[in-house]
>>> print(open('start19.tsv').read())   # TSV, C-alpha atoms and all ligand atoms
chain	number	residue	atom	x	y	z
A	891	MET	CA	46.33	-4.05	-10.03
A	892	ALA	CA	48.37	-2.30	-7.36
A	893	SER	CA	48.41	-3.72	-3.82
A	894	ASN	CA	46.15	-0.90	-2.59
A	895	GLY	CA	43.38	-1.97	-4.97
A	896	ALA	CA	43.99	0.81	-7.50
A	897	VAL	CA	43.91	-0.15	-11.19
A	898	ASP	CA	45.38	1.17	-14.35
A	899	SER	CA	43.06	3.93	-15.54
A	900	LYS	CA	44.01	3.19	-19.13
A	901	THR	CA	42.31	-0.21	-19.10
A	902	HIS	CA	39.42	0.48	-16.71
A	903	LYS	CA	37.48	3.68	-16.29
A	904	PHE	CA	36.55	2.69	-12.74
A	905	ASN	CA	38.12	0.23	-10.32
A	906	PRO	CA	36.66	-3.17	-11.42
A	907	HIS	CA	37.33	-4.74	-8.00
A	908	PHE	CA	35.74	-2.08	-5.84
A	909	THR	CA	32.15	-3.43	-5.71
A	910	GLN	CA	33.29	-6.95	-4.79
A	911	ALA	CA	35.53	-5.51	-2.07
A	912	VAL	CA	32.53	-3.77	-0.50
A	913	ILE	CA	30.44	-6.96	-0.73
A	914	ASN	CA	33.29	-8.98	0.81
A	915	ALA	CA	33.28	-6.74	3.87
A	916	THR	CA	30.09	-8.48	5.08
A	917	GLY	CA	30.97	-10.62	8.09
A	918	PRO	CA	30.23	-14.33	8.64
A	919	LYS	CA	27.52	-13.67	11.22
A	920	ALA	CA	25.26	-11.77	8.79
A	921	SER	CA	22.06	-13.77	8.16
A	922	PRO	CA	21.77	-15.40	4.71
A	923	ARG	CA	18.82	-13.17	3.76
A	924	VAL	CA	20.56	-9.97	4.89
A	925	ARG	CA	23.65	-11.05	2.95
A	926	GLN	CA	21.56	-11.78	-0.18
A	927	LEU	CA	19.68	-8.47	-0.04
A	928	THR	CA	22.67	-6.26	0.68
A	929	THR	CA	24.90	-7.98	-1.89
A	930	SER	CA	22.28	-7.34	-4.56
A	931	LEU	CA	21.63	-3.81	-3.32
A	932	ILE	CA	25.34	-2.90	-3.39
A	933	ARG	CA	25.69	-4.31	-6.92
A	934	HIS	CA	22.68	-2.38	-8.22
A	935	LEU	CA	23.65	0.85	-6.44
A	936	HIS	CA	27.22	0.73	-7.76
A	937	ASP	CA	26.06	-0.18	-11.27
A	938	PHE	CA	23.58	2.70	-11.14
A	939	ALA	CA	26.32	5.15	-10.11
A	940	ARG	CA	28.77	3.94	-12.77
A	941	GLU	CA	26.19	3.67	-15.55
A	942	ASN	CA	25.04	7.24	-14.99
A	943	GLU	CA	28.41	8.60	-13.88
A	944	LEU	CA	26.65	10.00	-10.85
A	945	THR	CA	28.16	13.26	-9.64
A	946	VAL	CA	28.80	14.15	-6.00
A	947	ASP	CA	26.19	16.91	-6.21
A	948	GLU	CA	23.55	14.52	-7.59
A	949	TRP	CA	24.31	11.90	-4.96
A	950	MET	CA	24.14	14.53	-2.21
A	951	ALA	CA	20.80	15.79	-3.55
A	952	GLY	CA	19.47	12.25	-3.14
A	953	VAL	CA	20.86	12.03	0.38
A	954	GLU	CA	19.21	15.34	1.24
A	955	LEU	CA	15.86	14.10	-0.07
A	956	MET	CA	16.12	10.99	2.13
A	957	ASN	CA	17.10	13.08	5.15
A	958	GLU	CA	14.21	15.47	4.55
A	959	ALA	CA	11.79	12.55	4.20
A	960	GLY	CA	13.01	11.23	7.54
A	961	ARG	CA	12.63	14.59	9.25
A	962	MET	CA	9.05	14.95	7.93
A	963	SER	CA	7.93	11.50	9.04
A	964	ASP	CA	6.15	10.72	12.29
A	965	ASP	CA	3.20	8.58	13.38
A	966	ARG	CA	0.87	10.71	11.25
A	967	ARG	CA	2.96	10.99	8.12
A	968	ASN	CA	5.24	8.52	6.35
A	969	GLU	CA	7.16	10.47	3.72
A	970	GLY	CA	9.70	7.71	3.07
A	971	GLN	CA	6.88	5.35	2.14
A	972	LEU	CA	5.36	8.01	-0.08
A	973	VAL	CA	8.63	8.41	-1.99
A	974	CYS	CA	8.65	4.62	-2.53
A	975	ASP	CA	5.01	4.80	-3.68
A	976	ILE	CA	5.56	7.37	-6.43
A	977	PHE	CA	8.36	5.19	-7.80
A	978	GLY	CA	5.94	2.24	-7.84
A	979	LEU	CA	8.05	0.28	-5.35
A	980	GLU	CA	5.30	-0.49	-2.83
A	981	SER	CA	2.97	-1.67	-5.62
A	982	LEU	CA	5.72	-3.85	-7.08
A	983	VAL	CA	6.56	-5.40	-3.71
A	984	ASP	CA	2.85	-5.97	-3.16
A	985	GLU	CA	2.62	-7.80	-6.49
A	986	ILE	CA	5.69	-9.92	-5.76
A	987	THR	CA	4.45	-10.84	-2.30
A	988	TYR	CA	0.88	-11.75	-3.13
A	989	LYS	CA	0.91	-13.02	-6.69
A	990	LEU	CA	-0.85	-16.35	-6.90
A	991	ALA	CA	-0.13	-19.24	-9.21
A	992	SER	CA	-2.53	-19.09	-12.16
A	993	ASP	CA	-3.80	-22.62	-11.55
A	994	ALA	CA	-5.77	-21.59	-8.46
A	995	ALA	CA	-9.48	-22.40	-8.92
A	996	ASP	CA	-10.47	-18.96	-7.73
A	997	GLU	CA	-8.48	-16.10	-6.40
A	998	PRO	CA	-8.57	-14.34	-3.07
A	999	THR	CA	-9.29	-10.64	-3.15
A	1000	ALA	CA	-6.39	-8.85	-4.80
A	1001	THR	CA	-4.11	-6.79	-2.62
A	1002	ALA	CA	-3.06	-3.17	-2.94
A	1003	ILE	CA	-0.62	-0.95	-1.11
A	1004	LEU	CA	-1.19	0.13	2.50
A	1005	GLY	CA	-0.30	3.74	1.76
A	1006	PRO	CA	0.81	6.21	4.42
A	1007	PHE	CA	-2.54	7.03	6.07
A	1008	TRP	CA	-3.53	3.90	8.00
A	1009	ARG	CA	-3.75	4.36	11.76
A	1010	LYS	CA	-3.66	1.71	14.46
A	1011	GLU	CA	-6.63	1.17	16.75
A	1012	ALA	CA	-9.43	2.54	14.59
A	1013	PRO	CA	-12.71	2.59	16.56
A	1014	LEU	CA	-14.43	-0.79	17.00
A	1015	LYS	CA	-17.94	-0.59	15.52
A	1016	SER	CA	-21.07	-2.73	15.33
A	1017	MET	CA	-22.53	-3.91	12.04
A	1018	GLY	CA	-24.72	-1.24	10.51
A	1019	ASP	CA	-22.83	1.60	12.20
A	1020	THR	CA	-21.47	4.58	10.33
A	1021	ILE	CA	-17.80	5.56	10.20
A	1022	VAL	CA	-18.81	9.14	9.44
A	1023	SER	CA	-18.41	11.48	12.40
A	1024	GLY	CA	-18.25	14.76	10.50
A	1025	PHE	CA	-18.88	16.12	7.00
A	1026	ASP	CA	-21.97	13.93	6.71
A	1027	ASP	CA	-23.94	16.71	5.04
A	1028	LYS	CA	-21.28	17.20	2.34
A	1029	GLY	CA	-20.49	13.77	0.93
A	1030	ASP	CA	-22.40	11.11	-0.99
A	1031	ARG	CA	-23.67	8.85	1.77
A	1032	THR	CA	-22.99	5.22	0.94
A	1033	TRP	CA	-24.11	1.89	2.37
A	1034	MET	CA	-21.37	-0.69	1.86
A	1035	HIS	CA	-22.08	-4.34	2.46
A	1036	GLY	CA	-20.97	-7.85	1.53
A	1037	THR	CA	-19.64	-11.14	2.81
A	1038	VAL	CA	-16.18	-12.31	3.79
A	1039	THR	CA	-15.65	-15.86	2.50
A	1040	ASP	CA	-12.99	-18.54	2.10
A	1041	PHE	CA	-11.79	-18.24	-1.50
A	1042	LEU	CA	-11.64	-22.02	-2.02
A	1043	THR	CA	-14.73	-23.30	-0.21
A	1044	GLY	CA	-16.91	-20.19	-0.49
A	1045	LYS	CA	-17.87	-20.61	3.17
A	1046	PRO	CA	-18.50	-17.45	5.21
A	1047	ILE	CA	-15.73	-16.54	7.65
A	1048	GLU	CA	-16.71	-15.80	11.22
A	1049	GLY	CA	-14.57	-13.40	13.25
A	1050	ALA	CA	-13.10	-11.60	10.25
A	1051	VAL	CA	-12.09	-8.05	11.17
A	1052	LEU	CA	-12.53	-5.46	8.45
A	1053	ASP	CA	-10.48	-2.32	9.12
A	1054	VAL	CA	-11.64	0.49	6.81
A	1055	TRP	CA	-10.48	4.06	6.19
A	1056	HIS	CA	-10.97	6.70	3.50
A	1057	THR	CA	-10.73	10.42	2.82
A	1058	ALA	CA	-13.32	13.06	3.64
A	1059	PRO	CA	-15.08	14.84	0.74
A	1060	ASN	CA	-12.42	17.57	0.95
A	1061	GLY	CA	-9.79	15.01	-0.10
A	1062	LEU	CA	-8.09	14.86	3.31
A	1063	TYR	CA	-7.66	12.03	5.77
A	1064	GLU	CA	-8.62	13.00	9.30
A	1065	GLN	CA	-5.02	13.15	10.54
A	1066	GLN	CA	-4.22	15.70	7.84
A	1067	ASP	CA	-7.16	17.92	8.75
A	1068	PRO	CA	-7.59	19.68	12.11
A	1069	ASP	CA	-11.27	20.32	11.32
A	1070	GLN	CA	-12.17	16.62	11.31
A	1071	PRO	CA	-12.89	14.68	14.48
A	1072	ASP	CA	-10.16	12.24	15.53
A	1073	MET	CA	-10.59	8.89	13.73
A	1074	ASN	CA	-13.29	10.25	11.41
A	1075	LEU	CA	-14.00	7.89	8.49
A	1076	ARG	CA	-12.24	4.94	10.10
A	1077	GLY	CA	-13.62	1.87	11.78
A	1078	ARG	CA	-13.22	-1.83	12.50
A	1079	PHE	CA	-16.06	-4.33	12.06
A	1080	THR	CA	-16.09	-8.00	13.08
A	1081	THR	CA	-18.18	-10.54	11.16
A	1082	GLY	CA	-20.52	-13.03	12.83
A	1083	LYS	CA	-21.31	-16.60	11.75
A	1084	ASP	CA	-22.75	-15.51	8.39
A	1085	GLY	CA	-19.52	-13.67	7.43
A	1086	LYS	CA	-21.58	-10.63	6.46
A	1087	TYR	CA	-20.68	-7.02	7.08
A	1088	ASN	CA	-22.37	-3.69	6.45
A	1089	PHE	CA	-21.69	-0.09	7.39
A	1090	TYR	CA	-22.25	3.47	6.26
A	1091	CYS	CA	-19.46	5.59	4.81
A	1092	LEU	CA	-19.09	8.31	2.17
A	1093	ARG	CA	-18.24	8.01	-1.49
A	1094	PRO	CA	-14.54	8.93	-1.57
A	1095	VAL	CA	-13.02	11.53	-3.88
A	1096	PRO	CA	-9.69	11.74	-5.72
A	1097	TYR	CA	-6.99	13.48	-3.72
A	1098	PRO	CA	-3.40	14.61	-4.21
A	1099	ILE	CA	-0.80	12.79	-2.15
A	1100	PRO	CA	1.04	15.31	0.04
A	1101	TYR	CA	3.43	17.17	-2.24
A	1102	ASP	CA	5.03	19.62	0.16
A	1103	GLY	CA	8.01	17.32	0.75
A	1104	PRO	CA	10.50	15.13	-1.12
A	1105	ALA	CA	7.77	13.11	-2.89
A	1106	GLY	CA	6.32	16.36	-4.24
A	1107	LYS	CA	9.73	17.60	-5.36
A	1108	ILE	CA	10.33	14.35	-7.23
A	1109	LEU	CA	6.90	14.48	-8.90
A	1110	GLN	CA	7.58	18.05	-9.97
A	1111	ALA	CA	10.98	17.13	-11.38
A	1112	LEU	CA	9.35	14.28	-13.31
A	1113	ASP	CA	6.50	16.49	-14.63
A	1114	ARG	CA	3.91	14.27	-12.97
A	1115	HIS	CA	0.60	15.01	-11.19
A	1116	PRO	CA	0.12	13.94	-7.54
A	1117	TYR	CA	-3.48	12.62	-7.73
A	1118	ARG	CA	-4.93	9.29	-6.71
A	1119	PRO	CA	-8.32	8.04	-7.97
A	1120	ALA	CA	-11.10	7.79	-5.35
A	1121	HIS	CA	-10.64	4.68	-3.22
A	1122	ILE	CA	-11.45	3.04	0.11
A	1123	HIS	CA	-8.73	1.23	2.08
A	1124	PHE	CA	-9.14	-2.08	3.91
A	1125	ILE	CA	-7.14	-4.49	6.01
A	1126	LEU	CA	-8.87	-7.85	6.49
A	1127	THR	CA	-7.75	-10.28	9.13
A	1128	ALA	CA	-9.37	-13.52	10.33
A	1129	PRO	CA	-8.18	-16.36	12.56
A	1130	GLY	CA	-6.24	-18.86	10.41
A	1131	TYR	CA	-6.36	-16.67	7.31
A	1132	LYS	CA	-3.70	-14.68	5.59
A	1133	PRO	CA	-4.34	-10.96	6.15
A	1134	ILE	CA	-5.14	-8.84	3.12
A	1135	ILE	CA	-4.29	-5.19	2.67
A	1136	THR	CA	-6.25	-3.71	-0.20
A	1137	GLN	CA	-8.14	-0.80	-1.71
A	1138	ILE	CA	-11.24	-0.60	-3.91
A	1139	PHE	CA	-11.53	2.06	-6.58
A	1140	ASP	CA	-14.51	3.99	-7.93
A	1141	ARG	CA	-14.86	3.12	-11.63
A	1142	ASN	CA	-16.11	6.62	-12.45
A	1143	SER	CA	-13.33	8.44	-10.65
A	1144	LYS	CA	-10.90	10.73	-12.40
A	1145	TYR	CA	-7.34	9.32	-12.44
A	1146	ILE	CA	-8.60	5.71	-12.42
A	1147	GLU	CA	-6.14	4.99	-15.22
A	1148	ASP	CA	-3.44	7.33	-13.98
A	1149	ASP	CA	-2.88	6.68	-10.26
A	1150	ALA	CA	0.15	8.62	-8.92
A	1151	VAL	CA	1.19	5.55	-6.90
A	1152	PHE	CA	0.28	2.82	-9.47
A	1153	ALA	CA	-2.04	0.82	-7.17
A	1154	VAL	CA	-5.18	0.23	-9.32
A	1155	LYS	CA	-6.01	-3.36	-10.31
A	1156	ASP	CA	-8.99	-4.32	-12.49
A	1157	SER	CA	-10.52	-6.66	-9.92
A	1158	LEU	CA	-10.55	-3.87	-7.35
A	1159	ILE	CA	-12.63	-1.46	-9.45
A	1160	VAL	CA	-16.19	-1.12	-8.12
A	1161	ASP	CA	-19.47	0.58	-8.99
A	1162	PHE	CA	-21.32	2.89	-6.61
A	1163	LYS	CA	-25.01	2.30	-7.37
A	1164	PRO	CA	-27.70	4.94	-6.74
A	1165	PHE	CA	-29.74	3.65	-3.79
A	1166	GLN	CA	-33.32	4.38	-2.81
A	1167	GLY	CA	-35.37	3.42	0.20
A	1168	ASP	CA	-32.76	4.05	2.89
A	1169	PRO	CA	-32.87	7.52	4.45
A	1170	LYS	CA	-29.24	7.12	5.51
A	1171	ALA	CA	-27.71	6.40	2.10
A	1172	ASP	CA	-27.72	7.77	-1.46
A	1173	PHE	CA	-25.46	5.03	-2.88
A	1174	GLU	CA	-25.05	1.31	-2.37
A	1175	LEU	CA	-21.69	-0.43	-2.64
A	1176	PRO	CA	-21.79	-4.24	-2.57
A	1177	TYR	CA	-18.41	-5.95	-2.34
A	1178	ASP	CA	-17.37	-9.43	-1.18
A	1179	PHE	CA	-13.93	-10.21	0.19
A	1180	LYS	CA	-12.30	-13.60	-0.33
A	1181	LEU	CA	-9.51	-14.75	1.97
A	1182	ALA	CA	-7.10	-17.70	1.80
A	1183	THR	CA	-6.08	-19.79	4.79
A	1184	PHE	CA	-2.36	-19.76	5.54
A	1185	GLU	CA	-2.20	-23.34	4.23
A	1186	ASP	CA	-3.97	-22.55	0.95
A	1187	ALA	CA	-1.96	-19.36	0.56
A	1188	LYS	CA	1.19	-21.43	0.93
A	1189	LYS	CA	0.00	-23.90	-1.71
A	1190	HIS	CA	-0.93	-21.25	-4.23
A	1191	SER	CA	1.50	-18.45	-3.52
A	1192	VAL	CA	5.07	-17.80	-4.42
A	1193	ALA	CA	7.63	-18.64	-1.76
A	1194	GLY	CA	8.07	-16.51	1.30
A	1195	THR	CA	4.63	-14.95	1.32
A	1196	THR	CA	2.81	-16.58	4.18
A	1197	GLU	CA	4.44	-15.43	7.38
A	1198	GLU	CA	1.92	-16.27	10.08
A	1199	SER	CA	3.46	-13.50	12.15
A	1200	ALA	CA	1.77	-11.09	9.76
A	1201	ALA	CA	-1.55	-11.87	11.47
B	1	FE	FE	-5.66	6.55	0.27
>>> encode(input="start19.tsv", output="structure tokens")
Amino acid sequence: MASNGAVDSKTHKFNPHFTQAVINATGPKASPRVRQLTTSLIRHLHDFARENELTVDEWMAGVELMNEAGRMSDDRRNEGQLVCDIFGLESLVDEITYKLASDAADEPTATAILGPFWRKEAPLKSMGDTIVSGFDDKGDRTWMHGTVTDFLTGKPIEGAVLDVWHTAPNGLYEQQDPDQPDMNLRGRFTTGKDGKYNFYCLRPVPYPIPYDGPAGKILQALDRHPYRPAHIHFILTAPGYKPIITQIFDRNSKYIEDDAVFAVKDSLIVDFKPFQGDPKADFELPYDFKLATFEDAKKHSVAGTTEESAA
């Protein structure tokens, strides 16, 4: 090897010392976790480029997609997250973070990706309220109810906050649709001593993820459709319990086996049951949520999953 790091091109197609030189540039004050992640990232990125003999044009096309995703993103749209979602990265990270050891007696409610449409500060509601503030004559009116319990003891959890959001019957979340009232089809409910919750919503419909940006371009290049099966999103938090981000999916929905962002899990598939006797609902949706305390989550989870700061 020459002193400038160059190597004989007859023995090596690419400089075999280059990747290690980039890794070695990390300074001593970098945290151990940052060092671990970036070392691995650099190795994989360089291997990817060498393995595919990535051209400058192809690399620049990727840079442009990232830049475009950044330009499109704001507090109402998260295009970078969407690009991760169509590559299955958010679902994979979700699985890695929340996977429980198989010896647990029961399992807490499975998690699913947050997705790009959650909004902070959804309206605080009382039990039995509706989250529908528009479109109520167009959708299938649904009464959802259940109990939030401790997954090990089965005891009801008081003070659990259930943050819920879903699409309107036109397939759009309220922030995508100027015709919907602000915060339509979103709400937060807090359980009492019995851990029970109930509210009115609509039966969701499948919808395409936004495909007018980089995520759409990638889907098109991959000959893939942009649709998600009908689902309702939740974040559950409770004092002393590990928060859960999840979604439940309508068993009869189109795309239930072909989700564009790979988020469906068997235990999260639910049945909307025809419902009579309530003038406010055409369907009933019973579903119980099971949470783990931070301590139990620590005992049963893989390492690094129980940051209390997540609460
Ligand atoms: Fe969604």
>>> residues_near_ligand(input="start19.tsv", ligand="ligand FE 1 (chain B)", cutoff="7 Å", atoms="only C-alpha atoms and all ligand atoms", output="PyMOL selection string")
chain A and resi 1005+1007+1056-1057+1121-1123
>>> residues_around(input="start19.tsv", residues="Lys1010 of chain A", least_positions_apart="6", cutoff="12 Å", atoms="only C-alpha atoms", output="PyMOL selection string")
chain A and resi 965-966+1053-1055+1073+1076-1078+1125
>>> closest_residue(input="start19.tsv", among="A:Leu1062, A:Ala959, A:Ile1135, A:Ala1187", to="Leu1158 of chain A", atoms="only C-alpha atoms")
A:Ile1135
>>> residues_around(input="start19.tsv", residues="segment 951-954 of chain A", least_positions_apart="3", cutoff="12 Å", atoms="all atoms listed in the file", output="PyMOL selection string")
chain A and resi 944-948+957-961+973+1103-1105+1107-1108
>>> closest_residue(input="start19.tsv", among="A:Gly1049, A:Pro1164, A:Gly1036, A:Gly1130", to="Lys1086 of chain A", atoms="all atoms listed in the file")
A:Gly1036
>>> atom_distance(input="start19.tsv", atom1="atom CA of Leu1181 of chain A", atom2="atom CA of Lys1083 of chain A")
15.4 Å
>>> closest_residue(input="start19.tsv", among="A:Phe1165, A:Tyr1101, A:Phe1079, A:Trp1008", to="Gln1065 of chain A", atoms="all atoms listed in the file")
A:Trp1008
>>> residues_around(input="start19.tsv", residues="Tyr1117 of chain A", least_positions_apart="4", cutoff="10 Å", atoms="all atoms listed in the file", output="PyMOL selection string")
chain A and resi 1096-1101+1144-1146+1148-1151
>>> closest_residue(input="start19.tsv", among="A:Arg967, A:Lys1180, A:Lys1155, A:His902", to="Asp1102 of chain A", atoms="only C-alpha atoms")
A:Arg967
>>> closest_residue(input="start19.tsv", among="A:Pro1006, A:Phe908, A:Phe1124, A:Ile986", to="Glu969 of chain A", atoms="all atoms listed in the file")
A:Pro1006
>>> closest_residue(input="start19.tsv", among="A:Thr1183, A:Ser1143, A:Ser963, A:Asn1088", to="Ile1047 of chain A", atoms="all atoms listed in the file")
A:Thr1183
>>> atom_distance(input="start19.tsv", atom1="atom CA of Pro1046 of chain A", atom2="atom CA of Ala1128 of chain A")
11.2 Å
>>> atom_distance(input="start19.tsv", atom1="atom CA of Phe1162 of chain A", atom2="atom CA of Leu1175 of chain A")
5.2 Å
>>> residues_around(input="start19.tsv", residues="Ile1021 of chain A", least_positions_apart="5", cutoff="8 Å", atoms="all atoms listed in the file", output="list in words")
Asn1074, Leu1075, Arg1076, Gly1077, Phe1089, Tyr1090 and Cys1091 of chain A
>>> write_last_selection(input="start19.tsv", atoms="C-alpha atoms", output="PDB file, in the frame of the given file")
ATOM      1  CA  ASN A1074     -13.290  10.250  11.410  1.00  0.00           C
ATOM      2  CA  LEU A1075     -14.000   7.890   8.490  1.00  0.00           C
ATOM      3  CA  ARG A1076     -12.240   4.940  10.100  1.00  0.00           C
ATOM      4  CA  GLY A1077     -13.620   1.870  11.780  1.00  0.00           C
ATOM      5  CA  PHE A1089     -21.690  -0.090   7.390  1.00  0.00           C
ATOM      6  CA  TYR A1090     -22.250   3.470   6.260  1.00  0.00           C
ATOM      7  CA  CYS A1091     -19.460   5.590   4.810  1.00  0.00           C
TER       8      CYS A1091
END
>>> build_atoms(input="start19.tsv", residues="segment 1026-1053 of chain A", atoms="N, CA and C atoms", output="PDB file, keeping the file's coordinate frame")
ATOM      1  N   ASP A1026     -20.954  14.814   7.265  1.00  0.00           N
ATOM      2  CA  ASP A1026     -21.970  13.930   6.710  1.00  0.00           C
ATOM      3  C   ASP A1026     -22.981  14.665   5.834  1.00  0.00           C
ATOM      4  N   ASP A1027     -23.011  16.002   5.904  1.00  0.00           N
ATOM      5  CA  ASP A1027     -23.940  16.710   5.040  1.00  0.00           C
ATOM      6  C   ASP A1027     -23.276  17.110   3.715  1.00  0.00           C
ATOM      7  N   LYS A1028     -21.992  16.756   3.536  1.00  0.00           N
ATOM      8  CA  LYS A1028     -21.280  17.200   2.340  1.00  0.00           C
ATOM      9  C   LYS A1028     -20.993  16.079   1.356  1.00  0.00           C
ATOM     10  N   GLY A1029     -20.890  14.861   1.813  1.00  0.00           N
ATOM     11  CA  GLY A1029     -20.490  13.770   0.930  1.00  0.00           C
ATOM     12  C   GLY A1029     -21.667  12.951   0.424  1.00  0.00           C
ATOM     13  N   ASP A1030     -21.390  12.047  -0.502  1.00  0.00           N
ATOM     14  CA  ASP A1030     -22.400  11.110  -0.990  1.00  0.00           C
ATOM     15  C   ASP A1030     -22.459   9.938  -0.017  1.00  0.00           C
ATOM     16  N   ARG A1031     -23.555   9.870   0.718  1.00  0.00           N
ATOM     17  CA  ARG A1031     -23.670   8.850   1.770  1.00  0.00           C
ATOM     18  C   ARG A1031     -23.832   7.468   1.130  1.00  0.00           C
ATOM     19  N   THR A1032     -23.067   6.528   1.601  1.00  0.00           N
ATOM     20  CA  THR A1032     -22.990   5.220   0.940  1.00  0.00           C
ATOM     21  C   THR A1032     -23.172   4.096   1.957  1.00  0.00           C
ATOM     22  N   TRP A1033     -23.972   3.093   1.550  1.00  0.00           N
ATOM     23  CA  TRP A1033     -24.110   1.890   2.370  1.00  0.00           C
ATOM     24  C   TRP A1033     -23.283   0.788   1.720  1.00  0.00           C
ATOM     25  N   MET A1034     -22.226   0.372   2.394  1.00  0.00           N
ATOM     26  CA  MET A1034     -21.370  -0.690   1.860  1.00  0.00           C
ATOM     27  C   MET A1034     -21.686  -1.980   2.595  1.00  0.00           C
ATOM     28  N   HIS A1035     -21.750  -3.057   1.822  1.00  0.00           N
ATOM     29  CA  HIS A1035     -22.080  -4.340   2.460  1.00  0.00           C
ATOM     30  C   HIS A1035     -21.540  -5.497   1.628  1.00  0.00           C
ATOM     31  N   GLY A1036     -21.443  -6.664   2.249  1.00  0.00           N
ATOM     32  CA  GLY A1036     -20.970  -7.850   1.530  1.00  0.00           C
ATOM     33  C   GLY A1036     -20.674  -8.969   2.503  1.00  0.00           C
ATOM     34  N   THR A1037     -19.952  -9.953   2.003  1.00  0.00           N
ATOM     35  CA  THR A1037     -19.640 -11.140   2.810  1.00  0.00           C
ATOM     36  C   THR A1037     -18.143 -11.418   2.708  1.00  0.00           C
ATOM     37  N   VAL A1038     -17.582 -11.874   3.795  1.00  0.00           N
ATOM     38  CA  VAL A1038     -16.180 -12.310   3.790  1.00  0.00           C
ATOM     39  C   VAL A1038     -16.191 -13.838   3.737  1.00  0.00           C
ATOM     40  N   THR A1039     -15.598 -14.402   2.685  1.00  0.00           N
ATOM     41  CA  THR A1039     -15.650 -15.860   2.500  1.00  0.00           C
ATOM     42  C   THR A1039     -14.265 -16.452   2.287  1.00  0.00           C
ATOM     43  N   ASP A1040     -14.206 -17.775   2.434  1.00  0.00           N
ATOM     44  CA  ASP A1040     -12.990 -18.540   2.100  1.00  0.00           C
ATOM     45  C   ASP A1040     -12.931 -18.668   0.585  1.00  0.00           C
ATOM     46  N   PHE A1041     -11.828 -18.307  -0.030  1.00  0.00           N
ATOM     47  CA  PHE A1041     -11.790 -18.240  -1.500  1.00  0.00           C
ATOM     48  C   PHE A1041     -11.899 -19.612  -2.152  1.00  0.00           C
ATOM     49  N   LEU A1042     -11.562 -20.679  -1.418  1.00  0.00           N
ATOM     50  CA  LEU A1042     -11.640 -22.020  -2.020  1.00  0.00           C
ATOM     51  C   LEU A1042     -12.997 -22.667  -1.777  1.00  0.00           C
ATOM     52  N   THR A1043     -13.481 -22.592  -0.550  1.00  0.00           N
ATOM     53  CA  THR A1043     -14.730 -23.300  -0.210  1.00  0.00           C
ATOM     54  C   THR A1043     -15.956 -22.406  -0.376  1.00  0.00           C
ATOM     55  N   GLY A1044     -15.773 -21.108  -0.402  1.00  0.00           N
ATOM     56  CA  GLY A1044     -16.910 -20.190  -0.490  1.00  0.00           C
ATOM     57  C   GLY A1044     -17.652 -20.028   0.825  1.00  0.00           C
ATOM     58  N   LYS A1045     -17.172 -20.691   1.874  1.00  0.00           N
ATOM     59  CA  LYS A1045     -17.870 -20.610   3.170  1.00  0.00           C
ATOM     60  C   LYS A1045     -17.630 -19.246   3.821  1.00  0.00           C
ATOM     61  N   PRO A1046     -18.689 -18.728   4.506  1.00  0.00           N
ATOM     62  CA  PRO A1046     -18.500 -17.450   5.210  1.00  0.00           C
ATOM     63  C   PRO A1046     -17.486 -17.591   6.341  1.00  0.00           C
ATOM     64  N   ILE A1047     -16.754 -16.521   6.598  1.00  0.00           N
ATOM     65  CA  ILE A1047     -15.730 -16.540   7.650  1.00  0.00           C
ATOM     66  C   ILE A1047     -16.238 -15.750   8.851  1.00  0.00           C
ATOM     67  N   GLU A1048     -16.317 -16.441   9.966  1.00  0.00           N
ATOM     68  CA  GLU A1048     -16.710 -15.800  11.220  1.00  0.00           C
ATOM     69  C   GLU A1048     -15.484 -15.173  11.884  1.00  0.00           C
ATOM     70  N   GLY A1049     -15.680 -14.020  12.505  1.00  0.00           N
ATOM     71  CA  GLY A1049     -14.570 -13.400  13.250  1.00  0.00           C
ATOM     72  C   GLY A1049     -13.579 -12.662  12.374  1.00  0.00           C
ATOM     73  N   ALA A1050     -13.982 -12.402  11.110  1.00  0.00           N
ATOM     74  CA  ALA A1050     -13.100 -11.600  10.250  1.00  0.00           C
ATOM     75  C   ALA A1050     -13.215 -10.129  10.670  1.00  0.00           C
ATOM     76  N   VAL A1051     -12.086  -9.480  10.803  1.00  0.00           N
ATOM     77  CA  VAL A1051     -12.090  -8.050  11.170  1.00  0.00           C
ATOM     78  C   VAL A1051     -11.772  -7.232   9.925  1.00  0.00           C
ATOM     79  N   LEU A1052     -12.678  -6.326   9.618  1.00  0.00           N
ATOM     80  CA  LEU A1052     -12.530  -5.460   8.450  1.00  0.00           C
ATOM     81  C   LEU A1052     -12.178  -4.061   8.968  1.00  0.00           C
ATOM     82  N   ASP A1053     -10.971  -3.640   8.695  1.00  0.00           N
ATOM     83  CA  ASP A1053     -10.480  -2.320   9.120  1.00  0.00           C
ATOM     84  C   ASP A1053     -10.565  -1.416   7.896  1.00  0.00           C
TER      85      ASP A1053
END
